[in-house]
$ cat final.csv   # CSV, C-alpha atoms
chain,number,residue,atom,x,y,z
A,1,MET,CA,8.0,-46.3,-10.7
A,2,ARG,CA,9.0,-47.8,-7.4
A,3,ILE,CA,9.3,-45.8,-4.2
A,4,SER,CA,13.1,-45.7,-4.5
A,5,GLU,CA,12.8,-44.1,-8.0
A,6,LEU,CA,10.2,-41.7,-6.7
A,7,SER,CA,12.7,-40.7,-4.0
A,8,HIS,CA,15.5,-40.3,-6.5
A,9,GLU,CA,13.4,-38.3,-8.9
A,10,THR,CA,12.3,-35.8,-6.2
A,11,ASN,CA,15.2,-35.8,-3.8
A,12,VAL,CA,12.8,-36.7,-1.0
A,13,SER,CA,13.9,-39.5,1.3
A,14,VAL,CA,12.0,-42.8,1.2
A,15,ALA,CA,11.3,-42.3,5.0
A,16,SER,CA,9.7,-38.9,4.3
A,17,ILE,CA,7.6,-40.4,1.4
A,18,LYS,CA,6.4,-43.2,3.7
A,19,TYR,CA,5.5,-40.5,6.3
A,20,TYR,CA,3.5,-38.5,3.8
A,21,LEU,CA,1.7,-41.7,2.7
A,22,ARG,CA,0.8,-42.5,6.3
A,23,GLU,CA,-0.4,-39.0,6.9
A,24,GLY,CA,-2.6,-39.1,3.8
A,25,LEU,CA,-0.8,-36.2,2.1
A,26,LEU,CA,0.4,-38.4,-0.7
A,27,PRO,CA,-2.2,-40.8,-2.3
A,28,ALA,CA,-1.2,-44.5,-2.3
A,29,GLY,CA,0.5,-45.9,-5.3
A,30,GLU,CA,-1.1,-48.7,-7.4
A,31,THR,CA,-0.6,-52.0,-5.6
A,32,LEU,CA,1.8,-54.3,-7.5
A,33,GLY,CA,2.1,-57.0,-4.8
A,34,ALA,CA,2.1,-57.4,-1.1
A,35,ARG,CA,5.0,-55.1,-0.4
A,36,GLN,CA,5.2,-53.1,-3.7
A,37,ALA,CA,3.4,-50.2,-5.2
A,38,ASP,CA,3.7,-48.2,-8.4
A,39,TYR,CA,3.9,-44.4,-8.5
A,40,GLY,CA,3.3,-42.1,-11.3
A,41,ASP,CA,4.0,-38.5,-12.4
A,42,ALA,CA,1.1,-37.2,-10.2
A,43,HIS,CA,3.1,-38.4,-7.2
A,44,ILE,CA,6.1,-36.5,-8.3
A,45,THR,CA,4.1,-33.3,-8.7
A,46,ARG,CA,2.4,-33.8,-5.3
A,47,LEU,CA,5.7,-34.4,-3.6
A,48,ARG,CA,7.2,-31.2,-5.0
A,49,LEU,CA,4.1,-29.4,-3.8
A,50,ILE,CA,4.5,-30.8,-0.3
A,51,ARG,CA,8.1,-29.9,-0.2
A,52,ALA,CA,7.5,-26.4,-1.4
A,53,LEU,CA,4.8,-25.9,1.2
A,54,VAL,CA,6.8,-27.5,4.1
A,55,ASP,CA,10.3,-26.3,3.3
A,56,VAL,CA,9.8,-22.9,1.6
A,57,VAL,CA,6.6,-21.7,3.1
A,58,GLY,CA,7.2,-23.4,6.4
A,59,LEU,CA,3.7,-24.9,6.8
A,60,PRO,CA,3.1,-27.5,9.5
A,61,ILE,CA,1.9,-30.8,8.1
A,62,ALA,CA,-1.7,-30.3,9.4
A,63,LYS,CA,-2.0,-27.1,7.3
A,64,VAL,CA,-0.7,-28.8,4.2
A,65,LYS,CA,-3.3,-31.6,4.8
A,66,ARG,CA,-6.1,-29.0,5.1
A,67,ILE,CA,-5.1,-27.4,1.8
A,68,PHE,CA,-5.1,-30.8,0.0
A,69,GLU,CA,-8.5,-31.5,1.5
A,70,LEU,CA,-9.8,-28.3,0.0
A,71,ILE,CA,-8.1,-29.0,-3.3
A,72,GLU,CA,-9.8,-32.5,-3.4
A,73,ASN,CA,-13.2,-31.3,-2.2
A,74,PRO,CA,-13.6,-27.7,-3.3
A,75,GLY,CA,-17.3,-27.5,-2.5
A,76,ASP,CA,-19.8,-25.3,-4.2
A,77,ASP,CA,-18.8,-21.8,-3.1
A,78,MET,CA,-15.4,-21.3,-4.8
A,79,PHE,CA,-14.9,-17.8,-3.4
A,80,SER,CA,-15.3,-19.1,0.2
A,81,THR,CA,-13.1,-22.2,-0.5
A,82,LEU,CA,-10.4,-20.0,-1.9
A,83,GLY,CA,-10.5,-17.8,1.2
A,84,LYS,CA,-10.2,-20.8,3.5
A,85,ALA,CA,-7.3,-22.2,1.5
A,86,VAL,CA,-5.3,-19.0,1.5
A,87,ASP,CA,-6.1,-18.5,5.2
A,88,SER,CA,-4.3,-21.8,5.9
A,89,LEU,CA,-1.1,-19.9,5.0
A,90,PRO,CA,1.1,-18.0,7.5
A,91,PRO,CA,1.4,-15.5,9.0
A,92,TYR,CA,-1.1,-16.7,11.6
A,93,ALA,CA,-2.8,-14.4,14.1
A,94,ALA,CA,-1.6,-14.8,17.7
A,95,GLU,CA,-3.8,-16.4,20.4
A,96,GLY,CA,-6.7,-14.1,21.2
A,97,GLU,CA,-6.5,-12.0,18.1
A,98,THR,CA,-8.5,-14.3,15.9
A,99,ASP,CA,-11.8,-13.3,17.2
A,100,ALA,CA,-11.3,-9.6,16.6
A,101,ASP,CA,-14.3,-8.2,14.6
A,102,ASP,CA,-12.6,-5.0,13.7
A,103,TYR,CA,-9.1,-3.9,12.8
A,104,PRO,CA,-9.3,-0.1,13.0
A,105,LYS,CA,-5.9,0.7,11.3
A,106,ALA,CA,-6.4,-1.8,8.5
A,107,ARG,CA,-10.0,-0.8,8.1
A,108,LYS,CA,-9.0,2.9,7.6
A,109,ILE,CA,-6.5,2.0,4.9
A,110,ILE,CA,-8.6,-0.7,3.1
A,111,GLU,CA,-11.7,1.5,3.0
A,112,GLY,CA,-9.5,4.5,1.9
A,113,LEU,CA,-8.5,2.4,-1.1
A,114,ASP,CA,-12.1,1.6,-1.7
A,115,TRP,CA,-11.3,-2.1,-1.4
A,116,THR,CA,-13.6,-4.7,0.3
A,117,TYR,CA,-13.0,-4.7,4.0
A,118,ASP,CA,-13.5,-8.1,5.7
A,119,ALA,CA,-12.3,-8.7,9.3
A,120,ARG,CA,-12.6,-12.5,8.8
A,121,TYR,CA,-9.9,-12.5,6.2
A,122,ALA,CA,-6.4,-13.3,7.6
A,123,ALA,CA,-4.7,-10.6,5.6
A,124,THR,CA,-6.7,-8.0,7.4
A,125,GLY,CA,-5.3,-9.0,10.7
A,126,GLN,CA,-1.8,-9.2,9.1
A,127,LEU,CA,-2.1,-5.6,7.9
A,128,GLU,CA,-3.3,-4.4,11.3
A,129,ARG,CA,-0.4,-6.1,13.1
A,130,SER,CA,2.2,-4.7,10.7
A,131,LEU,CA,0.8,-1.2,11.0
A,132,GLY,CA,0.8,-1.5,14.8
A,133,ALA,CA,4.4,-2.6,14.8
A,134,ILE,CA,5.5,0.4,12.6
A,135,GLU,CA,3.8,3.0,14.9
A,136,GLY,CA,6.4,4.9,16.9
A,137,THR,CA,9.4,3.3,15.3
A,138,GLY,CA,10.4,6.3,13.2
A,139,VAL,CA,9.4,4.8,9.8
A,140,PRO,CA,5.7,5.8,9.5
A,141,MET,CA,3.3,4.7,6.8
A,142,SER,CA,2.7,7.9,5.0
A,143,ARG,CA,-0.3,8.4,2.7
A,144,GLU,CA,2.0,8.8,-0.2
A,145,ARG,CA,3.8,5.5,0.5
A,146,LEU,CA,0.6,3.8,1.0
A,147,GLU,CA,-0.6,4.9,-2.5
A,148,VAL,CA,2.6,3.6,-4.1
A,149,TYR,CA,2.6,0.3,-2.3
A,150,SER,CA,-1.1,-0.4,-2.9
A,151,ARG,CA,-0.7,0.5,-6.6
A,152,ALA,CA,2.2,-2.0,-6.9
A,153,ALA,CA,0.3,-4.7,-4.9
A,154,ARG,CA,-2.8,-4.2,-7.1
A,155,MET,CA,-0.8,-4.4,-10.3
A,156,VAL,CA,0.6,-7.8,-9.2
A,157,ALA,CA,-2.8,-9.0,-7.9
A,158,GLU,CA,-4.5,-8.1,-11.2
A,159,PHE,CA,-1.9,-10.1,-13.1
A,160,ASP,CA,-2.4,-13.1,-10.7
A,161,ILE,CA,-6.1,-13.1,-11.0
A,162,ALA,CA,-6.1,-12.7,-14.8
A,163,HIS,CA,-4.0,-15.9,-14.9
A,164,LEU,CA,-6.2,-17.9,-12.5
A,165,PRO,CA,-7.3,-21.2,-14.1
A,166,GLN,CA,-11.0,-21.1,-14.7
A,167,ALA,CA,-12.8,-22.6,-11.7
A,168,ASP,CA,-15.6,-24.1,-13.9
A,169,ALA,CA,-13.1,-26.2,-15.8
A,170,ASP,CA,-11.1,-27.5,-12.9
A,171,PRO,CA,-11.8,-26.2,-9.4
A,172,SER,CA,-8.8,-28.1,-7.9
A,173,ALA,CA,-6.4,-26.4,-10.2
A,174,THR,CA,-7.9,-23.0,-9.2
A,175,ILE,CA,-7.3,-23.7,-5.5
A,176,GLU,CA,-3.8,-25.1,-6.1
A,177,TYR,CA,-2.9,-22.0,-8.1
A,178,SER,CA,-4.3,-19.6,-5.5
A,179,VAL,CA,-2.5,-21.3,-2.6
A,180,LEU,CA,0.8,-21.7,-4.3
A,181,GLY,CA,0.6,-18.4,-6.1
A,182,THR,CA,0.0,-16.6,-2.8
A,183,ALA,CA,2.7,-18.5,-0.8
A,184,LEU,CA,5.4,-19.0,-3.4
A,185,TYR,CA,5.3,-15.7,-5.3
A,186,GLU,CA,5.4,-13.6,-2.1
A,187,PRO,CA,9.1,-14.4,-1.4
A,188,ILE,CA,9.9,-13.6,-5.0
A,189,LEU,CA,8.2,-10.2,-4.8
A,190,VAL,CA,10.0,-9.3,-1.6
A,191,ALA,CA,13.4,-10.6,-2.9
A,192,LEU,CA,12.9,-8.5,-6.1
A,193,ARG,CA,12.2,-5.4,-4.0
A,194,ARG,CA,15.4,-5.9,-2.0
A,195,LEU,CA,17.4,-6.5,-5.2
A,196,ALA,CA,15.9,-3.3,-6.7
A,197,HIS,CA,16.9,-1.4,-3.6
A,198,GLN,CA,20.5,-2.6,-4.1
A,199,ASP,CA,20.5,-1.8,-7.8
A,200,ILE,CA,19.1,1.7,-7.4
A,201,ALA,CA,21.5,2.4,-4.5
A,202,ALA,CA,24.5,1.1,-6.5
A,203,ARG,CA,23.6,3.3,-9.5
A,204,ALA,CA,23.2,6.4,-7.3
A,205,LEU,CA,26.6,5.7,-5.8
A,206,ALA,CA,28.2,5.2,-9.3
A,207,ARG,CA,26.8,8.6,-10.4
A,208,GLU,CA,28.2,10.3,-7.3
A,209,ARG,CA,31.7,9.0,-7.8
B,210,MET,CA,10.8,8.5,33.9
B,211,ARG,CA,11.3,5.4,36.1
B,212,ILE,CA,11.5,1.9,34.6
B,213,SER,CA,7.9,1.2,35.7
B,214,GLU,CA,6.7,4.2,33.7
B,215,LEU,CA,8.8,3.1,30.7
B,216,SER,CA,7.2,-0.3,31.0
B,217,HIS,CA,3.7,1.2,31.2
B,218,GLU,CA,4.4,3.5,28.2
B,219,THR,CA,5.6,0.8,25.9
B,220,ASN,CA,3.7,-2.3,27.1
B,221,VAL,CA,7.0,-4.1,27.6
B,222,SER,CA,7.4,-5.8,30.9
B,223,VAL,CA,10.0,-4.6,33.4
B,224,ALA,CA,11.7,-8.0,33.3
B,225,SER,CA,12.1,-7.7,29.5
B,226,ILE,CA,13.4,-4.1,29.8
B,227,LYS,CA,16.0,-5.3,32.3
B,228,TYR,CA,17.0,-8.2,30.0
B,229,TYR,CA,17.5,-5.7,27.1
B,230,LEU,CA,19.6,-3.5,29.4
B,231,ARG,CA,21.8,-6.5,30.3
B,232,GLU,CA,22.2,-7.5,26.7
B,233,GLY,CA,23.2,-4.0,25.7
B,234,LEU,CA,20.3,-3.6,23.4
B,235,LEU,CA,18.9,-0.7,25.4
B,236,PRO,CA,21.3,2.0,26.6
B,237,ALA,CA,21.4,2.5,30.4
B,238,GLY,CA,19.3,5.3,31.9
B,239,GLU,CA,20.7,8.3,33.7
B,240,THR,CA,21.7,7.2,37.3
B,241,LEU,CA,19.5,8.8,39.9
B,242,GLY,CA,20.8,6.8,42.9
B,243,ALA,CA,22.1,3.4,43.8
B,244,ARG,CA,19.0,1.5,42.6
B,245,GLN,CA,17.3,4.0,40.3
B,246,ALA,CA,17.7,5.3,36.8
B,247,ASP,CA,15.9,7.9,34.7
B,248,TYR,CA,14.8,7.0,31.2
B,249,GLY,CA,13.8,9.3,28.4
B,250,ASP,CA,11.9,9.4,25.0
B,251,ALA,CA,14.9,7.8,23.3
B,252,HIS,CA,14.4,4.7,25.4
B,253,ILE,CA,10.7,4.5,24.4
B,254,THR,CA,11.7,4.7,20.7
B,255,ARG,CA,14.4,2.1,21.1
B,256,LEU,CA,12.1,-0.3,22.9
B,257,ARG,CA,9.4,0.0,20.2
B,258,LEU,CA,12.2,-0.7,17.7
B,259,ILE,CA,13.3,-3.8,19.6
B,260,ARG,CA,9.8,-5.1,19.9
B,261,ALA,CA,9.1,-4.5,16.2
B,262,LEU,CA,12.3,-6.4,15.2
B,263,VAL,CA,11.8,-9.3,17.7
B,264,ASP,CA,8.0,-9.7,17.6
B,265,VAL,CA,7.0,-8.8,14.1
B,266,VAL,CA,10.1,-9.6,12.1
B,267,GLY,CA,11.0,-12.5,14.4
B,268,LEU,CA,14.7,-11.6,14.7
B,269,PRO,CA,16.9,-13.4,17.3
B,270,ILE,CA,18.4,-11.0,19.9
B,271,ALA,CA,21.9,-11.5,18.5
B,272,LYS,CA,20.8,-10.1,15.1
B,273,VAL,CA,19.0,-7.1,16.7
B,274,LYS,CA,22.3,-6.4,18.6
B,275,ARG,CA,24.2,-6.6,15.3
B,276,ILE,CA,21.9,-4.1,13.7
B,277,PHE,CA,22.2,-1.6,16.6
B,278,GLU,CA,26.0,-1.9,16.4
B,279,LEU,CA,25.8,-0.9,12.8
B,280,ILE,CA,23.5,1.9,13.6
B,281,GLU,CA,25.8,3.2,16.3
B,282,ASN,CA,29.0,2.7,14.3
B,283,PRO,CA,28.1,3.0,10.6
B,284,GLY,CA,31.8,3.2,9.4
B,285,ASP,CA,32.9,5.0,6.3
B,286,ASP,CA,31.4,2.9,3.5
B,287,MET,CA,27.7,3.5,3.9
B,288,PHE,CA,26.8,1.2,0.9
B,289,SER,CA,28.6,-1.7,2.5
B,290,THR,CA,27.2,-1.0,6.0
B,291,LEU,CA,23.6,-0.8,4.6
B,292,GLY,CA,24.2,-4.1,2.9
B,293,LYS,CA,25.4,-5.7,6.1
B,294,ALA,CA,22.5,-4.3,8.1
B,295,VAL,CA,19.9,-5.5,5.6
B,296,ASP,CA,21.6,-8.9,5.4
B,297,SER,CA,21.0,-9.3,9.2
B,298,LEU,CA,17.3,-9.8,8.3
B,299,PRO,CA,15.6,-13.1,7.5
B,300,PRO,CA,15.2,-15.2,5.5
B,301,TYR,CA,18.6,-16.7,6.2
B,302,ALA,CA,20.3,-19.2,3.9
B,303,ALA,CA,20.4,-22.8,5.0
B,304,GLU,CA,23.6,-24.3,6.2
B,305,GLY,CA,26.1,-24.9,3.3
B,306,GLU,CA,24.3,-22.5,1.0
B,307,THR,CA,26.0,-19.4,2.2
B,308,ASP,CA,29.2,-20.0,0.3
B,309,ALA,CA,27.6,-20.3,-3.1
B,310,ASP,CA,29.3,-18.0,-5.5
B,311,ASP,CA,26.7,-18.4,-8.2
B,312,TYR,CA,22.9,-18.7,-8.2
B,313,PRO,CA,22.1,-19.6,-11.8
B,314,LYS,CA,18.3,-19.1,-11.7
B,315,ALA,CA,18.5,-15.8,-9.9
B,316,ARG,CA,21.4,-14.6,-12.0
B,317,LYS,CA,19.5,-15.2,-15.2
B,318,ILE,CA,16.6,-13.2,-13.9
B,319,ILE,CA,18.6,-10.3,-12.4
B,320,GLU,CA,20.8,-10.0,-15.4
B,321,GLY,CA,17.7,-10.2,-17.7
B,322,LEU,CA,16.3,-7.1,-15.8
B,323,ASP,CA,19.7,-5.4,-16.3
B,324,TRP,CA,20.0,-5.0,-12.5
B,325,THR,CA,23.3,-5.5,-10.5
B,326,TYR,CA,23.9,-9.2,-9.8
B,327,ASP,CA,25.8,-9.9,-6.6
B,328,ALA,CA,25.9,-13.4,-5.2
B,329,ARG,CA,27.0,-12.1,-1.8
B,330,TYR,CA,23.8,-10.3,-1.3
B,331,ALA,CA,21.3,-12.3,0.8
B,332,ALA,CA,18.3,-11.4,-1.5
B,333,THR,CA,20.1,-13.2,-4.4
B,334,GLY,CA,20.1,-16.5,-2.5
B,335,GLN,CA,16.5,-15.9,-1.4
B,336,LEU,CA,15.4,-15.4,-5.0
B,337,GLU,CA,17.3,-18.6,-6.1
B,338,ARG,CA,15.6,-20.7,-3.3
B,339,SER,CA,12.1,-19.4,-4.2
B,340,LEU,CA,12.6,-20.1,-7.9
B,341,GLY,CA,13.9,-23.6,-7.1
B,342,ALA,CA,10.8,-24.3,-4.9
B,343,ILE,CA,8.4,-23.2,-7.6
B,344,GLU,CA,10.0,-25.5,-10.3
B,345,GLY,CA,7.8,-28.4,-11.0
B,346,THR,CA,4.9,-27.4,-8.8
B,347,GLY,CA,2.6,-26.3,-11.6
B,348,VAL,CA,2.8,-22.5,-11.0
B,349,PRO,CA,5.8,-21.5,-13.1
B,350,MET,CA,7.5,-18.1,-13.1
B,351,SER,CA,6.7,-17.0,-16.6
B,352,ARG,CA,8.5,-14.2,-18.4
B,353,GLU,CA,5.4,-12.1,-18.4
B,354,ARG,CA,4.8,-12.5,-14.7
B,355,LEU,CA,8.4,-11.7,-13.9
B,356,GLU,CA,8.0,-8.4,-15.8
B,357,VAL,CA,4.9,-7.4,-13.9
B,358,TYR,CA,6.4,-8.4,-10.5
B,359,SER,CA,9.8,-6.7,-11.1
B,360,ARG,CA,8.1,-3.5,-12.3
B,361,ALA,CA,6.0,-3.5,-9.1
B,362,ALA,CA,9.0,-4.2,-6.9
B,363,ARG,CA,11.0,-1.5,-8.6
B,364,MET,CA,8.2,1.1,-8.3
B,365,VAL,CA,8.1,0.4,-4.5
B,366,ALA,CA,11.9,0.4,-4.2
B,367,GLU,CA,12.3,3.7,-6.0
B,368,PHE,CA,9.9,5.3,-3.6
B,369,ASP,CA,11.8,3.8,-0.7
B,370,ILE,CA,15.1,5.1,-1.8
B,371,ALA,CA,13.8,8.5,-2.7
B,372,HIS,CA,12.7,8.8,0.9
B,373,LEU,CA,15.9,7.5,2.4
B,374,PRO,CA,17.3,10.0,5.0
B,375,GLN,CA,20.5,11.6,3.7
B,376,ALA,CA,23.5,9.6,4.9
B,377,ASP,CA,25.7,12.8,5.1
B,378,ALA,CA,23.3,14.3,7.6
B,379,ASP,CA,22.7,11.3,9.9
B,380,PRO,CA,24.2,7.9,9.0
B,381,SER,CA,22.4,6.2,11.9
B,382,ALA,CA,19.0,7.4,10.7
B,383,THR,CA,19.8,6.1,7.2
B,384,ILE,CA,20.7,2.6,8.5
B,385,GLU,CA,17.7,2.5,10.8
B,386,TYR,CA,15.3,3.5,8.0
B,387,SER,CA,16.8,0.8,5.6
B,388,VAL,CA,16.6,-2.0,8.1
B,389,LEU,CA,13.1,-1.1,9.4
B,390,GLY,CA,11.9,-0.2,5.9
B,391,THR,CA,13.0,-3.5,4.5
B,392,ALA,CA,11.7,-5.6,7.4
B,393,LEU,CA,8.5,-3.7,8.4
B,394,TYR,CA,7.1,-2.7,5.0
B,395,GLU,CA,7.5,-6.2,3.5
B,396,PRO,CA,4.5,-7.7,5.5
B,397,ILE,CA,2.5,-4.6,4.5
B,398,LEU,CA,3.2,-5.1,0.8
B,399,VAL,CA,2.3,-8.8,0.9
B,400,ALA,CA,-0.8,-8.2,3.0
B,401,LEU,CA,-1.9,-5.5,0.4
B,402,ARG,CA,-1.4,-8.0,-2.4
B,403,ARG,CA,-3.6,-10.6,-0.6
B,404,LEU,CA,-6.2,-7.9,0.1
B,405,ALA,CA,-6.2,-6.8,-3.5
B,406,HIS,CA,-6.7,-10.5,-4.6
B,407,GLN,CA,-9.7,-10.7,-2.5
B,408,ASP,CA,-11.1,-7.3,-3.7
B,409,ILE,CA,-10.6,-8.2,-7.3
B,410,ALA,CA,-12.1,-11.7,-6.9
B,411,ALA,CA,-15.1,-10.3,-5.0
B,412,ARG,CA,-15.8,-7.7,-7.7
B,413,ALA,CA,-15.5,-10.3,-10.5
B,414,LEU,CA,-18.0,-12.5,-8.6
B,415,ALA,CA,-20.4,-9.6,-8.1
B,416,ARG,CA,-20.4,-8.9,-11.8
B,417,GLU,CA,-21.1,-12.6,-12.6
B,418,ARG,CA,-24.2,-12.8,-10.3
$ encode --input "final.csv" --output "structure tokens"
Amino acid sequence: MRISELSHETNVSVASIKYYLREGLLPAGETLGARQADYGDAHITRLRLIRALVDVVGLPIAKVKRIFELIENPGDDMFSTLGKAVDSLPPYAAEGETDADDYPKARKIIEGLDWTYDARYAATGQLERSLGAIEGTGVPMSRERLEVYSRAARMVAEFDIAHLPQADADPSATIEYSVLGTALYEPILVALRRLAHQDIAARALARER
Amino acid sequence: MRISELSHETNVSVASIKYYLREGLLPAGETLGARQADYGDAHITRLRLIRALVDVVGLPIAKVKRIFELIENPGDDMFSTLGKAVDSLPPYAAEGETDADDYPKARKIIEGLDWTYDARYAATGQLERSLGAIEGTGVPMSRERLEVYSRAARMVAEFDIAHLPQADADPSATIEYSVLGTALYEPILVALRRLAHQDIAARALARER
């Protein structure tokens, strides 16, 4: 299809498509002539992916590019590549935090759960910052709450990993699933929690009346 | 204590404290003289709350102010006040989306779960946008995944609501807990999911080797 059809099909403006082509986020179409190129379904999928990462996840273009580089050149150590890809996602550590080699609050919790503690992993710093913010605000993270939250998180994570495409078959698909699954399912999980709050509160209210 | 001690105690600069006082986010201290005021523990707690909402949740000052107004004047209908308070939290709908009276993708899912569907509730629009972003990106929201995610979300939500302070006793505490619990526990839940991914993947890898 022509660039105008690609734009129509994906609701992405021709100007944006040209920008993604220039930045190397979108592979070039097949050349049809001096000023024309042909685009296929792979371009549609890639454009939807770019928009999801830019518009919904809020990634800067440089991070999207980094993720696509990892998708295209996964390297030999899939575990490490997956880590790098997921670490391209927000939230990012603030200046000066990135070189911390220990996160005491997060470490205590992660080791208490008997999970792998790794200070280099972005989620470890994320947990540390969230726990720090909660301290002294009157909504502490009790042991009991932690147990319920970590059980729920693990239940979801086990489903996610069980549905991970096999890396031997298609490493690119594995990375794509991991990045998108981490970034795009998070807002769904938190929206569902808020909706469940509302439903539970509405039911309690109905019983009282 | 003096403003300098309050600053030292909370790691918030004197300039920021003065700004919060001017904006009405922080109640004035007890006047000690023409240019001095005395601050107490309530000011420390309030300042931690402001910093958590501004720095971690990323709320603009106007939204923080709105939340404190609701905490101070909860009104008669606690259910509606709680809804308003939680709706002051991000993510916010984009321009033009806010007047939607139906979110078909979200409606299908929420009604399928037999939960209360309410288009006016911010989380409904949030679910709709996330589902829209996922479409066509190659990581669809299967029925099976939805069941696992909603079960996990509900498990967490039931714990949250069971630990809600009783509104009859202290309406302000109820609103404070709801806002903070929604905003500050979300990053913990998603960090735990990412950490669980890593732990599960590391264990699977160890078994393979």
$ closest_residue --input "final.csv" --among "A:Glu111, A:Asp38, A:Glu176, A:Asp87" --to "Gly347 (chain B)" --atoms "only C-alpha atoms"
A:Glu176
$ interface_residues --input "final.csv" --of "chain A" --to "chain B" --cutoff "7 Å" --atoms "only C-alpha atoms" --output "PyMOL selection string"
chain A and resi 45+48-49+52+56+115-116+123+126-127+130+133-134+136-137+139+148-150+152-157+161+177+181+184+186-197+199
$ closest_residue --input "final.csv" --among "B:Asp310, B:Asp379, B:Glu278, B:Glu417" --to "Pro236 (chain B)" --atoms "all atoms listed in the file"
B:Glu278
$ residues_around --input "final.csv" --residues "Asp377 (chain B)" --least-positions-apart "4" --cutoff "12 Å" --atoms "all atoms listed in the file" --output "VMD selection string"
chain B and resid 283 285 to 287 373 381 to 384
$ residues_near_point --input "final.csv" --point "(5.7, 4.2, 33.6)" --cutoff "12 Å" --atoms "only C-alpha atoms" --output "list in words"
Met210, Arg211, Ile212, Ser213, Glu214, Leu215, Ser216, His217, Glu218, Thr219, Asn220, Val221, Ser222, Val223, Ile226, Asp247, Tyr248, Gly249, Asp250, His252 and Ile253 of chain B
$ atom_distance --input "final.csv" --atom1 "CA of Leu25 (chain A)" --atom2 "CA of Lys65 (chain A)"
5.9 Å
$ atom_distance --input "final.csv" --atom1 "CA of Ala294 (chain B)" --atom2 "CA of Gln375 (chain B)"
16.6 Å
$ atom_distance --input "final.csv" --atom1 "CA of Gly238 (chain B)" --atom2 "CA of Ala251 (chain B)"
10.0 Å
$ decode --input "final.csv" --residues "region 251-264 of chain B" --atoms "N, CA and C atoms" --output "compact mmCIF listing (two decimals), in the first residue's frame"
# COMPACT_ATOMS: atom_id res chain seq x y z
N ALA B 251 1.79 17.47 62.97
CA ALA B 251 0.81 17.45 61.89
C ALA B 251 1.39 18.05 60.61
N HIS B 252 2.27 19.04 60.81
CA HIS B 252 2.91 19.67 59.64
C HIS B 252 3.89 18.72 58.97
N ILE B 253 4.59 17.94 59.79
CA ILE B 253 5.52 16.96 59.23
C ILE B 253 4.75 15.94 58.38
N THR B 254 3.67 15.42 58.94
CA THR B 254 2.87 14.43 58.22
C THR B 254 2.31 15.02 56.92
N ARG B 255 1.79 16.23 57.01
CA ARG B 255 1.21 16.86 55.82
C ARG B 255 2.28 17.09 54.74
N LEU B 256 3.47 17.50 55.16
CA LEU B 256 4.55 17.73 54.19
C LEU B 256 4.96 16.43 53.50
N ARG B 257 5.03 15.33 54.25
CA ARG B 257 5.38 14.03 53.64
C ARG B 257 4.33 13.63 52.62
N LEU B 258 3.08 13.93 52.98
CA LEU B 258 1.95 13.64 52.11
C LEU B 258 2.07 14.45 50.81
N ILE B 259 2.37 15.74 50.94
CA ILE B 259 2.52 16.60 49.76
C ILE B 259 3.63 16.06 48.87
N ARG B 260 4.78 15.74 49.48
CA ARG B 260 5.90 15.27 48.67
C ARG B 260 5.60 13.94 48.01
N ALA B 261 4.90 13.06 48.68
CA ALA B 261 4.54 11.77 48.08
C ALA B 261 3.64 12.01 46.87
N LEU B 262 2.67 12.91 47.01
CA LEU B 262 1.73 13.16 45.92
C LEU B 262 2.39 13.90 44.77
N VAL B 263 3.29 14.84 45.09
CA VAL B 263 3.94 15.63 44.04
C VAL B 263 5.09 14.84 43.39
N ASP B 264 5.97 14.29 44.20
CA ASP B 264 7.19 13.68 43.65
C ASP B 264 6.97 12.27 43.12
